[in-house]
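Okay, my_file.cif now, which holds mmCIF, C-alpha atoms and all ligand atoms:
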```cif
data_start
loop_
_atom_site.label_atom_id
_atom_site.label_comp_id
_atom_site.auth_asym_id
_atom_site.auth_seq_id
_atom_site.Cartn_x
_atom_site.Cartn_y
_atom_site.Cartn_z
CA MET A 1 5.27 -10.61 1.39
CA PRO A 2 4.39 -9.52 -2.09
CA SER A 3 6.77 -8.02 -4.62
CA PHE A 4 3.94 -5.67 -5.66
CA THR A 5 4.52 -3.03 -2.97
CA PHE A 6 6.89 -0.29 -1.84
CA ILE A 7 10.46 -1.18 -0.87
CA ALA A 8 10.11 0.09 2.74
CA VAL A 9 8.50 -3.06 4.15
CA THR A 10 11.10 -5.30 2.62
CA GLN A 11 13.88 -3.20 4.04
CA ALA A 12 12.22 -3.22 7.48
CA ALA A 13 12.21 -7.02 7.37
CA GLN A 14 15.83 -7.13 6.23
CA TRP A 15 17.00 -4.73 8.95
CA ASN A 16 15.46 -7.27 11.35
CA ARG A 17 17.54 -10.00 9.70
CA TYR A 18 14.68 -11.70 7.90
CA ARG A 19 14.90 -12.68 4.26
CA PRO A 20 11.92 -11.64 2.14
CA TRP A 21 10.03 -14.33 0.27
CA PHE A 22 8.11 -12.65 -2.54
CA ILE A 23 4.76 -14.17 -3.41
CA ASP A 24 2.23 -13.35 -6.10
CA ILE A 25 -0.88 -11.19 -6.03
CA ASP A 26 -4.41 -12.05 -7.05
CA PRO A 27 -4.84 -10.79 -10.65
CA HIS A 28 -8.37 -9.47 -9.96
CA THR A 29 -7.85 -7.65 -6.64
CA TRP A 30 -4.12 -6.76 -7.11
CA GLN A 31 -3.77 -7.79 -3.45
CA THR A 32 -1.41 -10.41 -2.03
CA SER A 33 -2.83 -13.85 -2.73
CA PRO A 34 -3.60 -16.07 0.30
CA ASP A 35 -3.44 -19.10 -2.03
CA ALA A 36 0.16 -18.22 -2.93
CA ALA A 37 1.01 -18.04 0.79
CA ARG A 38 -0.70 -21.34 1.56
CA GLU A 39 1.28 -23.11 -1.14
CA ILE A 40 4.57 -22.03 0.47
CA LEU A 41 3.42 -22.71 4.02
CA GLU A 42 2.46 -26.27 3.20
CA ASP A 43 6.04 -27.14 2.29
CA HIS A 44 8.16 -24.59 4.14
CA ARG A 45 6.41 -23.56 7.38
CA ASP A 46 9.64 -23.90 9.36
CA HIS A 47 11.28 -21.17 7.29
CA ILE A 48 8.54 -18.59 7.73
CA ALA A 49 8.62 -16.09 10.63
CA GLY A 50 5.56 -14.03 9.78
CA ILE A 51 3.36 -12.49 7.15
CA VAL A 52 3.80 -8.95 5.82
CA LEU A 53 0.55 -7.99 4.19
CA PRO A 54 0.21 -4.63 2.43
CA ASN A 55 -3.22 -3.19 1.78
CA ALA A 56 -2.14 -2.55 -1.79
CA LEU A 57 -2.38 1.09 -2.89
CA GLY A 58 -4.10 1.95 0.40
CA VAL A 59 -7.13 -0.20 -0.51
CA GLY A 60 -8.45 -2.57 2.17
CA SER A 61 -7.80 -6.14 1.01
CA PRO A 62 -11.00 -8.07 0.28
CA HIS A 63 -9.04 -11.18 1.37
CA ILE A 64 -8.46 -9.90 4.93
CA ASP A 65 -10.69 -12.53 6.66
CA GLU A 66 -8.90 -15.31 4.82
CA TRP A 67 -5.50 -13.89 5.83
CA GLU A 68 -6.50 -13.80 9.48
CA ARG A 69 -7.72 -17.41 9.29
CA LEU A 70 -4.45 -18.39 7.65
CA SER A 71 -2.41 -16.67 10.36
CA GLN A 72 -4.32 -18.53 13.08
CA GLU A 73 -4.13 -21.84 11.28
CA TRP A 74 -0.33 -21.53 10.86
CA ASP A 75 0.32 -19.60 14.06
CA LEU A 76 2.01 -16.64 12.37
CA PRO A 77 1.82 -12.91 13.12
CA ILE A 78 0.55 -10.60 10.37
CA VAL A 79 2.05 -7.12 10.06
CA ILE A 80 -0.27 -5.11 7.85
CA ASP A 81 1.30 -2.31 5.85
CA SER A 82 -1.59 0.16 5.43
CA ALA A 83 0.79 2.96 4.48
CA ALA A 84 -1.48 4.86 2.08
CA GLY A 85 -4.67 3.69 3.79
CA PHE A 86 -5.30 6.14 6.63
CA GLY A 87 -9.01 6.93 6.10
CA SER A 88 -9.66 3.83 3.94
CA LYS A 89 -12.23 1.15 4.80
CA TYR A 90 -12.40 -2.61 4.41
CA ALA A 91 -15.21 -4.01 2.27
CA ASP A 92 -17.38 -4.41 5.42
CA SER A 93 -17.07 -0.61 6.03
CA THR A 94 -14.79 -0.89 9.08
CA PRO A 95 -11.84 1.51 8.96
CA LEU A 96 -8.37 0.12 8.32
CA GLY A 97 -6.43 -0.17 11.57
CA SER A 98 -7.91 -3.03 13.56
CA ARG A 99 -6.81 -6.16 11.70
CA GLY A 100 -3.83 -8.52 11.91
CA SER A 101 -1.27 -8.17 14.71
CA CYS A 102 -0.97 -4.47 13.88
CA GLU A 103 -1.48 -2.03 11.03
CA ILE A 104 0.96 0.73 10.15
CA PHE A 105 0.07 4.00 8.43
CA SER A 106 2.35 6.45 6.67
CA PHE A 107 1.72 10.18 7.03
CA HIS A 108 4.25 11.09 4.34
CA SER A 109 3.27 14.09 2.21
CA THR A 110 2.26 11.89 -0.74
CA LYS A 111 -0.64 10.51 1.36
CA PRO A 112 -4.10 12.13 1.83
CA PHE A 113 -3.29 12.53 5.53
CA GLY A 114 0.16 13.99 4.93
CA ILE A 115 2.04 15.75 7.69
CA GLY A 116 5.50 15.77 6.13
CA GLU A 117 7.07 12.63 7.55
CA GLY A 118 5.75 10.29 10.22
CA GLY A 119 3.20 7.57 10.73
CA ALA A 120 1.34 5.46 13.26
CA LEU A 121 1.25 1.89 14.44
CA VAL A 122 -2.24 0.72 15.45
CA SER A 123 -3.03 -2.52 17.23
CA LEU A 124 -5.63 -4.17 19.44
CA SER A 125 -2.74 -5.63 21.47
CA ARG A 126 -1.89 -3.32 24.39
CA PRO A 127 1.51 -5.00 25.04
CA LEU A 128 2.51 -4.46 21.42
CA ILE A 129 1.51 -0.78 21.59
CA GLU A 130 3.40 -0.29 24.86
CA THR A 131 6.55 -2.02 23.63
CA THR A 132 6.50 -0.01 20.41
CA HIS A 133 5.90 3.22 22.31
CA ASP A 134 8.86 2.58 24.59
CA PHE A 135 11.06 1.49 21.69
CA GLN A 136 10.51 4.78 19.83
CA ASN A 137 11.38 6.69 23.00
CA PHE A 138 14.91 5.36 23.65
CA GLY A 139 13.63 2.24 25.45
CA PHE A 140 12.48 4.30 28.47
CA ASN A 141 9.80 3.16 30.88
CA GLU A 142 7.41 5.62 32.58
CA SER A 143 10.13 6.54 35.10
CA LYS A 144 12.49 7.42 32.22
CA ILE A 145 14.66 4.40 32.98
CA CYS A 146 15.95 2.67 29.89
CA TYR A 147 15.01 -1.02 30.17
CA THR A 148 15.40 -2.16 26.55
CA LEU A 149 17.03 -1.23 23.26
CA GLY A 150 15.31 1.74 21.63
CA LEU A 151 15.80 4.72 19.37
CA ASN A 152 14.36 8.15 18.74
CA GLY A 153 11.32 7.48 16.55
CA LYS A 154 9.13 10.19 18.00
CA MET A 155 6.99 12.40 15.81
CA SER A 156 8.11 16.02 15.78
CA GLU A 157 5.82 18.59 17.41
CA ILE A 158 5.45 20.47 14.14
CA ALA A 159 4.36 17.35 12.24
CA ALA A 160 1.93 16.44 15.05
CA SER A 161 0.32 19.87 14.99
CA ILE A 162 -0.10 19.73 11.20
CA GLY A 163 -1.78 16.34 11.72
CA ARG A 164 -4.16 17.70 14.36
CA ARG A 165 -5.18 20.49 12.02
CA GLN A 166 -5.63 18.02 9.15
CA LEU A 167 -8.02 15.89 11.21
CA GLU A 168 -10.50 18.77 11.40
CA ASP A 169 -11.64 18.54 7.79
CA PHE A 170 -10.27 15.12 6.89
CA ASP A 171 -13.70 13.53 6.30
CA SER A 172 -14.80 16.19 3.86
CA ARG A 173 -11.47 15.96 2.01
CA LEU A 174 -11.92 12.20 1.74
CA ASN A 175 -15.43 12.66 0.30
CA ASP A 176 -14.05 15.13 -2.19
CA ARG A 177 -11.36 12.71 -3.34
CA GLY A 178 -14.00 9.95 -3.52
CA GLU A 179 -16.06 12.12 -5.92
CA THR A 180 -13.10 12.46 -8.27
CA PHE A 181 -12.52 8.70 -8.12
CA LYS A 182 -16.19 8.04 -9.02
CA ILE A 183 -16.00 10.43 -11.98
CA TYR A 184 -12.84 8.72 -13.27
CA ARG A 185 -14.41 5.29 -12.84
CA GLU A 186 -17.64 6.22 -14.61
CA ALA A 187 -15.76 7.72 -17.54
CA LEU A 188 -13.07 5.08 -17.93
CA SER A 189 -14.68 1.72 -17.06
CA ASP A 190 -16.68 1.69 -20.29
CA ALA A 191 -13.46 2.32 -22.20
CA GLY A 192 -12.08 -0.98 -20.90
CA MET A 193 -9.99 0.28 -17.96
CA SER A 194 -10.23 -1.89 -14.84
CA PHE A 195 -10.27 -0.62 -11.26
CA GLN A 196 -9.27 -2.34 -8.03
CA PRO A 197 -12.16 -3.93 -6.09
CA ASN A 198 -12.99 -1.93 -2.93
CA ALA A 199 -11.00 1.09 -4.19
CA GLU A 200 -14.20 3.15 -3.80
CA ASN A 201 -13.78 2.75 -0.01
CA SER A 202 -10.21 4.03 0.06
CA SER A 203 -8.67 7.39 0.83
CA HIS A 204 -7.41 7.73 -2.78
CA PHE A 205 -3.81 8.84 -2.65
CA CYS A 206 -4.12 8.30 -6.40
CA ALA A 207 -6.48 6.38 -8.71
CA SER A 208 -4.89 3.32 -10.24
CA ILE A 209 -6.29 1.74 -13.37
CA CYS A 210 -5.20 -1.25 -15.42
CA ALA A 211 -5.13 -0.96 -19.20
CA GLU A 212 -5.90 -4.05 -21.25
CA THR A 213 -2.36 -4.36 -22.63
CA HIS A 214 1.14 -3.04 -21.98
CA GLU A 215 1.09 -1.17 -25.28
CA GLN A 216 -2.14 0.58 -24.27
CA LYS A 217 -0.51 1.61 -21.00
CA LEU A 218 2.45 3.15 -22.82
CA ASN A 219 0.14 5.08 -25.17
CA ILE A 220 -1.99 6.35 -22.28
CA ARG A 221 1.03 7.51 -20.28
CA GLU A 222 2.45 9.25 -23.33
CA SER A 223 -0.87 11.02 -23.88
CA LEU A 224 -1.04 12.04 -20.18
CA THR A 225 2.42 13.59 -20.43
CA ALA A 226 1.45 15.39 -23.64
CA HIS A 227 -1.57 16.84 -21.79
CA ARG A 228 0.66 17.97 -18.91
CA VAL A 229 -0.75 15.38 -16.50
CA GLN A 230 1.77 13.73 -14.20
CA SER A 231 1.07 10.02 -13.83
CA ARG A 232 2.87 7.19 -12.05
CA ASP A 233 2.67 3.42 -12.20
CA TYR A 234 2.73 2.20 -8.61
CA TYR A 235 4.33 -0.33 -7.86
CA ASN A 236 6.28 -0.81 -11.03
CA PRO A 237 8.92 -2.19 -11.17
CA PRO A 238 7.92 -4.84 -8.65
CA LEU A 239 10.49 -5.27 -5.90
CA HIS A 240 12.14 -8.42 -7.26
CA LEU A 241 13.10 -6.47 -10.41
CA HIS A 242 14.91 -3.68 -8.55
CA ASP A 243 18.67 -3.96 -9.01
CA TYR A 244 19.28 -4.78 -5.35
CA PHE A 245 17.33 -8.03 -5.65
CA ARG A 246 17.90 -8.72 -9.36
CA LEU A 247 21.69 -8.53 -8.98
CA ASN A 248 21.85 -10.19 -5.55
CA PRO A 249 19.63 -13.26 -5.86
CA THR A 250 20.51 -14.51 -2.37
CA GLN A 251 18.83 -11.47 -0.74
CA ALA A 252 15.31 -12.79 -1.34
CA LYS A 253 13.39 -15.86 -2.37
CA VAL A 254 11.24 -15.24 -5.40
CA GLY A 255 8.14 -17.30 -6.11
CA THR A 256 6.12 -17.36 -9.32
CA LEU A 257 5.07 -13.76 -9.88
CA LYS A 258 3.03 -13.97 -13.07
CA ALA A 259 0.08 -11.82 -11.89
CA THR A 260 2.46 -9.29 -10.33
CA GLU A 261 4.35 -8.81 -13.58
CA GLN A 262 1.14 -8.65 -15.62
CA VAL A 263 -0.50 -6.02 -13.40
CA CYS A 264 2.73 -3.99 -13.29
CA SER A 265 2.94 -4.01 -17.08
CA ARG A 266 -0.57 -2.54 -17.37
CA ILE A 267 -1.00 -0.29 -14.32
CA ILE A 268 -1.28 3.51 -14.45
CA SER A 269 -1.78 5.73 -11.38
CA LEU A 270 -3.79 8.85 -12.11
CA PRO A 271 -3.56 11.97 -9.94
CA ILE A 272 -6.16 12.79 -7.31
CA HIS A 273 -5.94 15.72 -4.93
CA ASP A 274 -8.27 17.68 -2.68
CA GLN A 275 -10.72 20.07 -4.34
CA MET A 276 -9.79 19.05 -7.83
CA ASP A 277 -10.95 21.51 -10.42
CA PRO A 278 -13.53 19.87 -12.80
CA GLU A 279 -11.48 21.12 -15.74
CA ASN A 280 -8.44 19.24 -14.46
CA ARG A 281 -10.46 16.05 -13.94
CA ASP A 282 -11.71 16.34 -17.54
CA ARG A 283 -8.17 16.87 -18.79
CA VAL A 284 -7.06 13.64 -17.09
CA ILE A 285 -10.00 11.68 -18.51
CA SER A 286 -9.66 13.04 -22.01
CA ALA A 287 -5.90 12.34 -22.00
CA VAL A 288 -6.55 8.69 -21.10
CA LEU A 289 -9.22 8.36 -23.79
CA LYS A 290 -6.98 9.98 -26.41
CA GLY A 291 -4.19 7.59 -25.45
CA LEU A 292 -6.55 4.70 -26.09
CA ASP A 293 -7.31 5.98 -29.58
CA SER A 294 -3.67 6.31 -30.59
C1 LIG B 301 3.21 0.47 0.82
C2 LIG B 301 4.13 1.44 1.52
N1 LIG B 301 4.79 1.03 2.62
C3 LIG B 301 5.62 1.86 3.29
C4 LIG B 301 5.84 3.15 2.86
C5 LIG B 301 6.83 4.00 3.60
O1 LIG B 301 6.21 4.98 4.33
P1 LIG B 301 7.10 6.19 4.92
O2 LIG B 301 7.54 6.97 3.73
O3 LIG B 301 6.15 6.95 5.79
O4 LIG B 301 8.21 5.58 5.66
C6 LIG B 301 5.19 3.62 1.73
C7 LIG B 301 5.42 4.99 1.26
O5 LIG B 301 4.97 5.44 0.25
C8 LIG B 301 4.30 2.74 1.03
O6 LIG B 301 3.65 3.12 -0.08
#
```
Show the structure stored in the file as structure tokens.
Ligand SMILES: Cc1ncc(COP(=O)(O)O)c(C=O)c1O
Amino acid sequence: MPSFTFIAVTQAAQWNRYRPWFIDIDPHTWQTSPDAAREILEDHRDHIAGIVLPNALGVGSPHIDEWERLSQEWDLPIVIDSAAGFGSKYADSTPLGSRGSCEIFSFHSTKPFGIGEGGALVSLSRPLIETTHDFQNFGFNESKICYTLGLNGKMSEIAASIGRRQLEDFDSRLNDRGETFKIYREALSDAGMSFQPNAENSSHFCASICAETHEQKLNIRESLTAHRVQSRDYYNPPLHLHDYFRLNPTQAKVGTLKATEQVCSRIISLPIHDQMDPENRDRVISAVLKGLDS
């Protein structure tokens, strides 16, 4: 798994008694690098239980075919963390949700399809769906007999009804967010900001850009704050630099993470929301451009 992601996947692996092995991302796509995985597999296959592959920032990984080939070649399951990617598409225009052993979406309120808390596991494997379904319902079978260990992971009725309502105009909200993304990209690419490949096909929980240097990033973020624009820098710090891993080196194995650290030092996540007022879009753009001039 990469270090360039959110802590939840790492913790899920650890609760299942696996030890994370952080590998690097591709510097151009900001997605987990299949080459980095291959390098480890060639020498350490016996120590690897599976692949955790995030679709970084909710953007469908352009390397997905290569990952699936790798998983077949090395006989390893791939759990795809598509947390922010409900509504996003892979580069071939297929929606996220049908690749790997399963894909998992988050419906947390920070996501375009936000229902409060909750999510969904999607898979082409019926046994996996059935086992997961029973697990999140106390390990009951259809006759309400507990046959395996489970817990209460059910979605609440209130969250589910918010989700059903959200589905009604979800496509038009996605188009609207896509418009804002296009406007940002047109205005900022010429100024030297780079964007993630295939981000145009994503659901845009935010719009992440990479400045050319760390200093530029700091100036841009300062300017955004001065213009009353809240920005973030997902996923900085990368996981291996959080105290839990930094101070407890036995908790994870850490590969060479040069691209991860470089992208983290330059990344800025700009706000996108539904029906964004053109004046607010302009304020974001002009704050970035002013930051570049300082
Ligand atoms: C990449 C990634 N994985 C997992 C999660 C956790 O999702 P949830 O908050 O629904 O548990 C998030 C949340 O932001 C995320 O960004």
Selected residue, from A:Cys146, A:Phe140, A:Pro112, A:Asp134, that lies nearest to Asp274 in chain A when counting only C-alpha atoms: A:Pro112
With only C-alpha atoms and all ligand atoms counted and 10 Å as the cut-off, give the residues of chain A in contact with ligand LIG 301 (chain B), each with its shortest interatomic distance in Å and the pair that gives it, as a Markdown table.
```
| residue | atom | partner | partner_atom | distance |
| --- | --- | --- | --- | --- |
| A:Phe4 | CA | B:LIG301 | C1 | 9.0 |
| A:Thr5 | CA | B:LIG301 | C1 | 5.3 |
| A:Phe6 | CA | B:LIG301 | C1 | 4.6 |
| A:Ile7 | CA | B:LIG301 | N1 | 7.0 |
| A:Ala8 | CA | B:LIG301 | C3 | 4.9 |
| A:Val9 | CA | B:LIG301 | N1 | 5.7 |
| A:Thr10 | CA | B:LIG301 | N1 | 8.9 |
| A:Gln11 | CA | B:LIG301 | C3 | 9.7 |
| A:Ala12 | CA | B:LIG301 | C3 | 9.3 |
| A:Leu53 | CA | B:LIG301 | C1 | 9.5 |
| A:Pro54 | CA | B:LIG301 | C1 | 6.1 |
| A:Asn55 | CA | B:LIG301 | C1 | 7.5 |
| A:Ala56 | CA | B:LIG301 | C1 | 6.7 |
| A:Leu57 | CA | B:LIG301 | C1 | 6.7 |
| A:Gly58 | CA | B:LIG301 | C1 | 7.5 |
| A:Ile80 | CA | B:LIG301 | N1 | 9.5 |
| A:Asp81 | CA | B:LIG301 | N1 | 5.8 |
| A:Ser82 | CA | B:LIG301 | C1 | 6.7 |
| A:Ala83 | CA | B:LIG301 | C2 | 4.7 |
| A:Ala84 | CA | B:LIG301 | O6 | 5.8 |
| A:Gly85 | CA | B:LIG301 | C1 | 9.0 |
| A:Ile104 | CA | B:LIG301 | C3 | 8.4 |
| A:Phe105 | CA | B:LIG301 | O3 | 7.3 |
| A:Ser106 | CA | B:LIG301 | O3 | 3.9 |
| A:Phe107 | CA | B:LIG301 | O3 | 5.6 |
| A:His108 | CA | B:LIG301 | O3 | 4.8 |
| A:Ser109 | CA | B:LIG301 | O2 | 8.4 |
| A:Thr110 | CA | B:LIG301 | O5 | 7.1 |
| A:Lys111 | CA | B:LIG301 | O5 | 7.6 |
| A:Gly114 | CA | B:LIG301 | O3 | 9.3 |
| A:Ile115 | CA | B:LIG301 | O3 | 9.9 |
| A:Gly116 | CA | B:LIG301 | O3 | 8.9 |
| A:Glu117 | CA | B:LIG301 | O3 | 6.0 |
| A:Gly118 | CA | B:LIG301 | O3 | 5.6 |
| A:Gly119 | CA | B:LIG301 | O3 | 5.8 |
| A:Ala120 | CA | B:LIG301 | O3 | 9.0 |
| A:Phe205 | CA | B:LIG301 | O6 | 9.7 |
| A:Tyr234 | CA | B:LIG301 | O6 | 8.6 |
| A:Tyr235 | CA | B:LIG301 | O6 | 8.5 |
```
Best match for closeness to Ser194 in chain A among A:Arg173, A:Lys258, A:Arg266, A:Arg99, counting all atoms listed in the file: A:Arg266
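Ranking A:Leu41, A:Ala287, A:Ala49, A:Val122 by their shortest atom-to-atom distance to Ala13 in chain A, with all atoms listed in the file included, puts A:Ala49 first.
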Close residues, Lys290 in chain A itself excluded, 9 Å, only C-alpha atoms, min 2 positions apart in chain, as a PyMOL selection string: chain A and resi 219-220+223-224+285-288+292-294
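Coordinates place CA of Trp67 in chain A at a distance of 22.1 Å from CA of Ser203 in chain A.
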Just the residues within 9 Å of Arg281 in chain A, please, counting only C-alpha atoms, with nothing from its chain fewer than 2 positions along; format it as a PDB file with C-alpha atoms, keeping the file's coordinate frame.
```
ATOM      1  CA  THR A 180     -13.100  12.460  -8.270  1.00  0.00           C
ATOM      2  CA  ILE A 183     -16.000  10.430 -11.980  1.00  0.00           C
ATOM      3  CA  TYR A 184     -12.840   8.720 -13.270  1.00  0.00           C
ATOM      4  CA  PRO A 271      -3.560  11.970  -9.940  1.00  0.00           C
ATOM      5  CA  ILE A 272      -6.160  12.790  -7.310  1.00  0.00           C
ATOM      6  CA  MET A 276      -9.790  19.050  -7.830  1.00  0.00           C
ATOM      7  CA  ASP A 277     -10.950  21.510 -10.420  1.00  0.00           C
ATOM      8  CA  PRO A 278     -13.530  19.870 -12.800  1.00  0.00           C
ATOM      9  CA  GLU A 279     -11.480  21.120 -15.740  1.00  0.00           C
ATOM     10  CA  ARG A 283      -8.170  16.870 -18.790  1.00  0.00           C
ATOM     11  CA  VAL A 284      -7.060  13.640 -17.090  1.00  0.00           C
ATOM     12  CA  ILE A 285     -10.000  11.680 -18.510  1.00  0.00           C
ATOM     13  CA  SER A 286      -9.660  13.040 -22.010  1.00  0.00           C
TER      14      SER A 286
END
```
With a cut-off of 9 Å, could you pull out the residues of range 190-218 of chain A touching range 20-29 of chain A and give me the nearest pair of atoms for each, distance in Å to one decimal, using all atoms listed in the file, ordered by chain and ascending number, as a Markdown table?
```
| residue | atom | partner | partner_atom | distance |
| --- | --- | --- | --- | --- |
| A:Phe195 | CA | A:Thr29 | CA | 8.8 |
| A:Gln196 | CA | A:Thr29 | CA | 5.7 |
| A:Pro197 | CA | A:Thr29 | CA | 5.7 |
| A:Asn198 | CA | A:Thr29 | CA | 8.5 |
```
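Note that the spacing between CA of Arg232 in chain A and CA of Ser269 in chain A amounts to 4.9 Å.
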Could you get me a file of range 11-19 of chain A with all heavy atoms, as a compact mmCIF listing (two decimals), in the first residue's frame, taken from the block above?
```txt
# COMPACT_ATOMS: atom_id res chain seq x y z
N GLN A 11 -5.06 1.39 8.92
CA GLN A 11 -5.60 0.89 10.19
C GLN A 11 -6.46 -0.36 9.96
O GLN A 11 -6.42 -1.29 10.76
CB GLN A 11 -6.42 2.01 10.87
CG GLN A 11 -5.49 3.13 11.32
CD GLN A 11 -6.23 4.32 11.93
OE1 GLN A 11 -7.40 4.54 11.65
NE2 GLN A 11 -5.53 5.08 12.74
N ALA A 12 -7.20 -0.39 8.85
CA ALA A 12 -8.01 -1.59 8.56
C ALA A 12 -7.09 -2.80 8.42
O ALA A 12 -7.37 -3.88 8.96
CB ALA A 12 -8.82 -1.38 7.28
N ALA A 13 -5.96 -2.62 7.74
CA ALA A 13 -5.03 -3.74 7.58
C ALA A 13 -4.47 -4.15 8.94
O ALA A 13 -4.39 -5.34 9.27
CB ALA A 13 -3.90 -3.33 6.64
N GLN A 14 -4.13 -3.16 9.76
CA GLN A 14 -3.53 -3.47 11.06
C GLN A 14 -4.52 -4.17 12.00
O GLN A 14 -4.14 -5.09 12.72
CB GLN A 14 -2.97 -2.21 11.69
CG GLN A 14 -1.73 -1.74 10.96
CD GLN A 14 -1.13 -0.53 11.61
OE1 GLN A 14 -1.72 0.54 11.60
NE2 GLN A 14 0.02 -0.69 12.21
N TRP A 15 -5.80 -3.72 11.96
CA TRP A 15 -6.80 -4.41 12.79
C TRP A 15 -6.92 -5.88 12.37
O TRP A 15 -7.32 -6.73 13.15
CB TRP A 15 -8.16 -3.72 12.69
CG TRP A 15 -8.27 -2.51 13.58
CD1 TRP A 15 -8.34 -1.21 13.19
CD2 TRP A 15 -8.33 -2.49 15.01
NE1 TRP A 15 -8.42 -0.37 14.29
CE2 TRP A 15 -8.42 -1.13 15.42
CE3 TRP A 15 -8.30 -3.48 16.00
CZ2 TRP A 15 -8.49 -0.74 16.76
CZ3 TRP A 15 -8.37 -3.09 17.34
CH2 TRP A 15 -8.46 -1.74 17.70
N ASN A 16 -6.58 -6.17 11.12
CA ASN A 16 -6.61 -7.56 10.64
C ASN A 16 -5.26 -8.25 10.79
O ASN A 16 -5.02 -9.29 10.16
CB ASN A 16 -7.09 -7.59 9.19
CG ASN A 16 -8.59 -7.40 9.12
OD1 ASN A 16 -9.35 -8.28 9.51
ND2 ASN A 16 -9.02 -6.23 8.67
N ARG A 17 -4.41 -7.63 11.60
CA ARG A 17 -3.10 -8.19 11.97
C ARG A 17 -2.10 -8.26 10.82
O ARG A 17 -1.21 -9.11 10.81
CB ARG A 17 -3.26 -9.57 12.63
CG ARG A 17 -4.06 -9.46 13.90
CD ARG A 17 -4.39 -10.81 14.44
NE ARG A 17 -5.29 -10.66 15.56
CZ ARG A 17 -5.05 -11.07 16.78
NH1 ARG A 17 -3.92 -11.66 17.05
NH2 ARG A 17 -5.93 -10.90 17.73
N TYR A 18 -2.28 -7.40 9.83
CA TYR A 18 -1.26 -7.29 8.79
C TYR A 18 -0.38 -6.10 9.09
O TYR A 18 -0.81 -5.13 9.71
CB TYR A 18 -1.91 -7.09 7.41
CG TYR A 18 -2.74 -8.28 6.97
CD1 TYR A 18 -4.11 -8.15 6.80
CD2 TYR A 18 -2.14 -9.51 6.73
CE1 TYR A 18 -4.88 -9.24 6.41
CE2 TYR A 18 -2.90 -10.60 6.34
CZ TYR A 18 -4.27 -10.46 6.19
OH TYR A 18 -5.01 -11.54 5.81
N ARG A 19 0.86 -6.17 8.58
CA ARG A 19 1.75 -5.03 8.77
C ARG A 19 1.86 -4.30 7.43
O ARG A 19 2.18 -4.92 6.40
CB ARG A 19 3.13 -5.53 9.21
CG ARG A 19 4.10 -4.38 9.48
CD ARG A 19 5.16 -4.78 10.49
NE ARG A 19 6.13 -5.71 9.92
CZ ARG A 19 7.44 -5.52 9.97
NH1 ARG A 19 7.94 -4.46 10.54
NH2 ARG A 19 8.25 -6.40 9.46
```
